[in-house]
Every structure is written in structure tokens, then in C-alpha cells.
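Asker: Here you go, work_10.txt (compact mmCIF, C-alpha atoms):
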```txt
# COMPACT_ATOMS: atom_id res chain seq x y z
CA MET W 1 -6.28 10.32 -2.15
CA GLY W 2 -6.71 9.01 1.39
CA PHE W 3 -9.24 8.32 4.08
CA HIS W 4 -9.45 9.74 7.59
CA VAL W 5 -11.78 8.80 10.44
CA THR W 6 -11.92 9.24 14.20
CA GLY W 7 -14.53 7.82 16.51
CA SER W 8 -15.56 6.44 19.87
CA PHE W 9 -17.50 3.42 21.09
CA THR W 10 -18.94 1.68 24.11
CA GLY W 11 -19.85 -1.97 24.44
CA THR W 12 -19.64 -5.16 26.45
CA ALA W 13 -16.46 -7.18 26.91
CA HIS W 14 -16.32 -10.88 26.14
CA ALA W 15 -13.01 -11.90 27.66
CA GLU W 16 -10.98 -15.09 27.78
CA LEU W 17 -7.56 -15.97 29.12
CA LEU W 18 -4.55 -16.28 26.85
CA PRO W 19 -2.71 -19.62 27.18
CA LEU W 20 0.45 -18.14 28.66
CA PRO W 21 2.62 -19.78 31.38
CA PHE W 22 2.11 -17.31 34.22
CA PRO W 23 -0.72 -16.36 36.59
CA GLU W 24 -3.20 -13.79 35.35
CA PRO W 25 -2.85 -10.38 37.06
CA ARG W 26 -6.64 -10.18 37.42
CA PRO W 27 -9.27 -12.92 37.27
CA ILE W 28 -11.04 -13.17 33.94
CA GLU W 29 -14.33 -12.29 35.70
CA PHE W 30 -12.92 -8.78 36.22
CA TYR W 31 -13.14 -8.16 32.46
CA ASP W 32 -15.80 -10.53 31.17
CA GLY W 33 -19.18 -8.81 30.88
CA ALA W 34 -17.80 -5.41 31.87
CA THR W 35 -18.50 -2.18 30.02
CA VAL W 36 -15.79 -1.12 27.57
CA THR W 37 -15.32 2.42 26.31
CA GLY W 38 -12.82 3.34 23.66
CA SER W 39 -11.73 5.52 20.78
CA PHE W 40 -10.11 4.97 17.42
CA SER W 41 -8.53 6.86 14.56
CA LEU W 42 -7.33 5.87 11.11
CA ASN W 43 -5.44 7.67 8.37
CA VAL W 44 -5.14 5.67 5.16
CA VAL W 45 -2.18 6.89 3.10
CA ASN W 46 -0.74 5.13 0.04
CA PRO W 47 -1.89 1.59 0.95
CA TYR W 48 -0.26 -1.22 -1.01
CA PHE W 49 -1.53 -4.68 -1.87
CA GLN W 50 -0.22 -7.78 -0.09
CA VAL W 51 -2.38 -10.81 -0.88
CA GLY W 52 -5.93 -11.53 -1.95
CA GLY W 53 -8.50 -13.75 -3.60
CA ASP W 54 -11.83 -13.53 -5.40
CA ASN W 55 -13.65 -11.96 -2.47
CA TYR W 56 -10.96 -10.38 -0.30
CA ALA W 57 -7.75 -8.37 -0.38
CA TYR W 58 -5.14 -7.50 2.25
CA PHE W 59 -3.20 -4.25 2.18
CA PHE W 60 -0.53 -2.58 4.28
CA ASN W 61 -1.14 1.06 5.14
CA GLY W 62 1.63 3.11 3.52
CA PRO W 63 4.24 5.60 4.77
CA GLY W 64 2.72 8.54 6.61
CA SER W 65 -0.34 6.54 7.68
CA SER W 66 -1.53 5.86 11.22
CA MET W 67 -3.94 3.75 13.24
CA THR W 68 -4.72 4.09 16.94
CA VAL W 69 -7.29 2.43 19.17
CA SER W 70 -7.77 2.45 22.94
CA TYR W 71 -9.93 0.54 25.39
CA ASP W 72 -10.90 1.29 28.99
CA ILE W 73 -12.37 -1.38 31.27
CA LYS W 74 -13.03 -0.59 34.93
CA GLY W 75 -10.27 2.00 34.99
CA VAL W 76 -7.73 -0.23 33.21
CA HIS W 77 -6.42 1.34 29.99
CA PHE W 78 -5.17 -0.49 26.90
CA ASP W 79 -3.65 1.48 24.04
CA TYR W 80 -2.49 0.33 20.58
CA SER W 81 -1.06 2.05 17.53
CA SER W 82 0.50 1.18 14.20
CA ASP W 83 2.06 3.20 11.40
CA MET W 84 1.72 0.23 9.01
CA ALA W 85 -1.67 -1.24 9.87
CA VAL W 86 -3.20 -4.14 7.97
CA ILE W 87 -6.35 -3.37 5.97
CA LEU W 88 -8.63 -6.24 4.94
CA LEU W 89 -11.42 -5.60 2.44
CA ASP W 90 -13.82 -8.52 2.36
CA LYS W 91 -16.94 -9.08 0.28
CA GLY W 92 -18.99 -11.63 2.18
CA THR W 93 -20.94 -14.03 -0.01
CA GLY W 94 -22.97 -15.90 2.61
CA PRO W 95 -26.75 -15.98 3.05
CA THR W 96 -26.62 -12.28 3.98
CA PRO W 97 -23.93 -10.66 1.79
CA SER W 98 -22.04 -7.75 3.31
CA ASP W 99 -18.85 -5.79 2.90
CA THR W 100 -16.39 -5.80 5.79
CA VAL W 101 -13.43 -3.52 6.45
CA MET W 102 -11.01 -4.78 9.10
CA ILE W 103 -8.19 -2.62 10.45
CA ALA W 104 -5.54 -4.47 12.49
CA THR W 105 -2.24 -3.58 14.11
CA ASP W 106 -0.70 -6.59 12.34
CA PHE W 107 -1.72 -9.72 10.43
CA ILE W 108 -2.38 -11.94 13.45
CA PRO W 109 -2.81 -9.98 16.71
CA LYS W 110 -3.45 -13.17 18.66
CA TYR W 111 -1.40 -12.36 21.77
CA GLN W 112 -0.74 -8.62 21.41
CA GLY W 113 -2.55 -6.15 19.22
CA ALA W 114 -5.94 -4.80 18.26
CA ILE W 115 -8.59 -4.82 15.56
CA PHE W 116 -11.62 -2.73 14.75
CA GLN W 117 -13.94 -3.30 11.83
CA TRP W 118 -17.05 -2.15 10.02
CA ALA W 119 -19.66 -4.26 8.21
CA ALA W 120 -22.41 -2.92 5.96
CA ALA W 121 -24.42 -3.64 2.83
CA PRO W 122 -22.48 -4.59 -0.32
CA GLY W 123 -21.00 -1.60 -2.10
CA SER W 124 -21.49 0.82 0.79
CA LEU W 125 -17.99 0.77 2.32
CA PHE W 126 -15.56 0.49 -0.62
CA ASP W 127 -15.17 -0.13 -4.33
CA PRO W 128 -13.69 -3.57 -5.07
CA PHE W 129 -10.88 -3.75 -4.02
CA ASP W 130 -9.65 -0.21 -3.50
CA PRO W 131 -8.71 0.94 0.02
CA ASN W 132 -8.53 4.51 -1.25
CA SER W 133 -12.30 4.34 -1.84
CA LEU W 134 -13.13 3.68 1.83
CA ARG W 135 -16.20 5.57 2.99
CA LEU W 136 -18.59 5.70 5.94
CA ASP W 137 -22.11 7.01 5.39
CA ALA W 138 -23.81 8.30 8.51
CA THR W 139 -27.23 7.54 6.98
CA ALA W 140 -26.47 3.85 6.30
CA PRO W 141 -26.58 1.03 8.87
CA ILE W 142 -22.97 0.13 9.73
CA ALA W 143 -22.03 -2.45 12.33
CA PHE W 144 -18.89 -1.77 14.37
CA SER W 145 -16.90 -4.30 16.38
CA ALA W 146 -13.54 -4.35 18.13
CA TYR W 147 -11.03 -6.78 19.60
CA PHE W 148 -7.76 -6.64 21.46
CA ALA W 149 -5.23 -9.00 23.01
CA ASN W 150 -2.80 -8.10 25.76
CA ALA W 151 -0.09 -10.51 26.83
CA ASP W 152 0.74 -8.67 30.06
CA ALA W 153 -2.89 -8.86 31.21
CA LYS W 154 -3.11 -12.40 29.77
CA ILE W 155 -6.42 -11.66 28.05
CA ARG W 156 -8.08 -11.38 24.67
CA VAL W 157 -11.29 -9.39 24.50
CA SER W 158 -13.95 -8.99 21.84
CA VAL W 159 -16.24 -6.00 22.27
CA ASP W 160 -19.93 -6.29 21.45
CA VAL W 161 -21.02 -2.82 20.28
CA ALA W 162 -24.70 -1.96 19.77
CA PRO W 163 -25.73 -0.17 16.54
CA ASP W 164 -26.05 3.12 18.46
CA GLY W 165 -23.00 2.42 20.64
CA TRP W 166 -20.46 4.14 18.41
CA SER W 167 -19.95 7.35 16.46
CA PHE W 168 -17.47 8.63 13.89
CA ASP W 169 -16.22 11.73 12.14
CA THR W 170 -14.58 11.63 8.70
CA THR W 171 -13.74 15.33 8.58
CA SER W 172 -10.08 15.66 7.66
CA PRO W 173 -8.07 17.49 10.32
CA VAL W 174 -6.64 20.88 9.38
CA PRO W 175 -2.87 20.45 9.46
CA GLU W 176 -1.03 22.69 11.88
CA LEU W 177 2.01 24.59 10.73
CA SER W 178 5.16 23.21 12.28
CA SER W 179 7.39 25.47 14.36
CA ALA W 180 10.03 25.49 11.62
CA VAL W 181 7.52 26.55 8.95
CA MET W 182 6.14 29.28 11.20
CA LEU W 183 9.69 30.56 11.83
CA LEU W 184 10.41 30.70 8.10
CA VAL W 185 7.16 32.57 7.45
CA GLY W 186 8.03 35.04 10.20
CA LEU W 187 11.52 35.64 8.79
CA ALA W 188 10.08 36.16 5.31
CA VAL W 189 7.60 38.75 6.61
CA LEU W 190 10.40 40.52 8.52
CA ALA W 191 12.61 40.62 5.41
CA LEU W 192 9.73 42.03 3.34
CA TRP W 193 9.04 44.69 5.96
CA ARG W 194 12.71 45.77 5.99
CA ALA W 195 12.81 45.94 2.20
CA VAL W 196 9.73 48.18 2.13
CA ALA W 197 11.17 50.37 4.91
CA ARG W 198 14.43 50.99 2.96
CA ARG W 199 12.51 52.24 -0.07
CA ARG W 200 10.77 54.96 1.91
```
I need this file expressed as C-alpha cells, please.

Answerer:
Amino acid sequence: MGFHVTGSFTGTAHAELLPLPFPEPRPIEFYDGATVTGSFSLNVVNPYFQVGGDNYAYFFNGPGSSMTVSYDIKGVHFDYSSDMAVILLDKGTGPTPSDTVMIATDFIPKYQGAIFQWAAAPGSLFDPFDPNSLRLDATAPIAFSAYFANADAKIRVSVDVAPDGWSFDTTSPVPELSSAVMLLVGLAVLALWRAVARRR
């Protein structure tokens, strides 16, 4: 069992400089307050537990999995991917309880990496604490947020996304036959055709 989702978003950048010992390529004002557009995809395959507590659990996405997320700000493109993304399932217990799913390129993407996450009412995103039970319900209110850090640009950016500023699709893609498989199928059909022709 797995989980697949693709989506897109638009929001407002809240940018700050990373404390790195070189001049920033662009002033922080270039990014801060600008419109951000982006897309994301996630395939959860065979996730395995890493560490957890009473109200949270971290997992690594397993072999064959994937995570991608991209951001565009004023024509500048930032792209991130991971074939072993970190999955955090968190059951918030504050004044307004909520479930949160965080997907990150690694445990601490402080200087390079990306995160996107969903937050919704308790019990609406996952069963405790099973990443294979991840689900997104288009009829339920789900908050989406995103973040990235880029050392070359010397920035970290959180993206404020309005409730109607993102969309998603959980339809599993239809796998395409590889060239090798298609060749084998073609050879099998040819062999069958020859066998039938000899019998005539």
C-alpha cells in the first residue's frame, strides 16, 4: 500500500538571509513579499520508522519512493527532490488540536532543502502513526504550507499559502511500459504469429 499526490500552489514569500560568509546574489527585498508559485509530488513507498514519541513519529520514505517540489519567484526557479524523504506525522495537542504531515528533503533542511506540509482536523490525514494511511480529502479544510532554503541564493523562504491557493490530485499515475517490456511483448506476438502461420 502507498500514497501518491501531485499538486500546485501559489502564495507569498517571507524571506530572510542565511548567515553565510559571502554577499547575497540578490537583495532580500527581491524575494520578501513576492508571489511564489510552485508544484509538488510525493510517492510514499515502504516507509520505515526512525524515531518518535507520544504525539509524533518520523519515518524515512522507502526504496522506490520519490518527493519533488519546485518554487518560482520573479522568474527565479528553485527545484528540490529526494528519493528518501523524511515524513513527520504529528498530532498537535494545543488549544486547537490538529494533525500535521510534514514532508522534507532531509531531517534539517536549514541551509539547503525543502519542506511542504498539510494540517487538518485530528484523524483526517492519517491513522496514528501509519504513513501508509495518508489521505487528503478534497471536502475537508486542509491548510498547506511550504518552505525552502538555498545556500547559493543565501536565502530561506517560508511560503504563506491561502486556503484556496493550492490544489492536489491523488489519482495514481498509470505506469508506462518500459521500452524493454514493449520489445519483449512485440517479440512474443511475432513468435505466436509465426507459430500459427506454420500450422496453416

Asker: Show which residues sit within 6 Å of W:Val101, as a PyMOL selection string. Count only C-alpha atoms, and ignore same-chain residues fewer than 3 positions away.

Answerer: chain W and resi 88-89+117-118

Asker: Go through stretch 1-88 of chain W and flag each residue having an atom no more than 12 Å from stretch 139-145 of chain W; for those, report the closest pair of atoms plus their distance in Å to one decimal, using only C-alpha atoms, ordered by chain and rising number, as CSV.

Answerer:
```
residue,atom,partner,partner_atom,distance
W:Gly7,CA,W:Phe144,CA,10.7
W:Ser8,CA,W:Phe144,CA,10.4
W:Phe9,CA,W:Phe144,CA,8.6
W:Thr10,CA,W:Ser145,CA,10.0
W:Gly11,CA,W:Ser145,CA,8.9
W:Thr12,CA,W:Ser145,CA,10.5
W:Ala13,CA,W:Ser145,CA,10.9
W:His14,CA,W:Ser145,CA,11.8
W:Val36,CA,W:Ser145,CA,11.7
W:Gly38,CA,W:Ser145,CA,11.3
W:Ser39,CA,W:Ser145,CA,11.9
W:Phe40,CA,W:Phe144,CA,11.5
```

Asker: Which residue is closest to W:Leu125? Choose from W:Gln112, W:Ser98, W:Ser65, W:Ser82 and count all atoms listed in the file.

Answerer: W:Ser98

Asker: What is the atom CA of W:Phe3 to atom CA of W:Thr68 distance in Å?

Answerer: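 If I compute the distance from atom CA of W:Phe3 to atom CA of W:Thr68, I get 14.3 Å.
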
Asker: When you count only C-alpha atoms, which of these residues is closest to W:Gln50: W:Ala34, W:Leu18, W:Ala149, W:Val86?

Answerer: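 Closest to W:Gln50 of all the choices is W:Val86.
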
Asker: Nearest to W:Ser81 among W:Pro122, W:Pro21, W:Pro95, W:Gly113, with distances taken over only C-alpha atoms: which residue is it?

Answerer: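 Counting only C-alpha atoms, the residue closest to W:Ser81 is W:Gly113.
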
Asker: Determine, counting all atoms listed in the file, which protein, DNA and RNA residues have an atom within 12 Å of an atom of W:Pro27; residues of the same chain fewer than 6 positions away are not included. Present the result as a PDB file with C-alpha atoms, in the frame of the given file.

Answerer:
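Below is the file that was written, around_12.pdb:
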```pdb
ATOM      1  CA  ALA W  15     -13.010 -11.900  27.660  1.00  0.00           C
ATOM      2  CA  GLU W  16     -10.980 -15.090  27.780  1.00  0.00           C
ATOM      3  CA  LEU W  17      -7.560 -15.970  29.120  1.00  0.00           C
ATOM      4  CA  LEU W  18      -4.550 -16.280  26.850  1.00  0.00           C
ATOM      5  CA  ALA W 153      -2.890  -8.860  31.210  1.00  0.00           C
ATOM      6  CA  LYS W 154      -3.110 -12.400  29.770  1.00  0.00           C
ATOM      7  CA  ILE W 155      -6.420 -11.660  28.050  1.00  0.00           C
TER       8      ILE W 155
END
```

Asker: Using only C-alpha atoms, find the one residue out of W:Asn61, W:Ser70, W:Thr100, W:Ser41 that sits nearest to W:Ala85.

Answerer: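 When distances to W:Ala85 are compared using only C-alpha atoms, the smallest one comes from W:Asn61.
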
Asker: Expressed in Å to a single decimal, how great is the separation between atom CA of W:Leu42 and atom CA of W:Thr6?

Answerer: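 Atom-to-atom, atom CA of W:Leu42 and atom CA of W:Thr6 are spaced 6.5 Å apart.
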
Asker: Closest to W:Lys91 among W:Phe22, W:Phe129, W:Tyr71, W:Tyr147, using only C-alpha atoms?

Answerer: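 The answer is W:Phe129, which sits nearest to W:Lys91.
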
Asker: Compare W:His4, W:Arg156, W:Arg135, W:His77 by their minimum atom-to-atom distance to W:Leu20, counting only C-alpha atoms, and give me the closest one.

Answerer: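 Looking only at the distances to W:Leu20, the closest residue turns out to be W:Arg156.
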
Asker: Atom CA of W:Asp72 to atom CA of W:Val157: how many Å, to one decimal?

Answerer: 11.6 Å
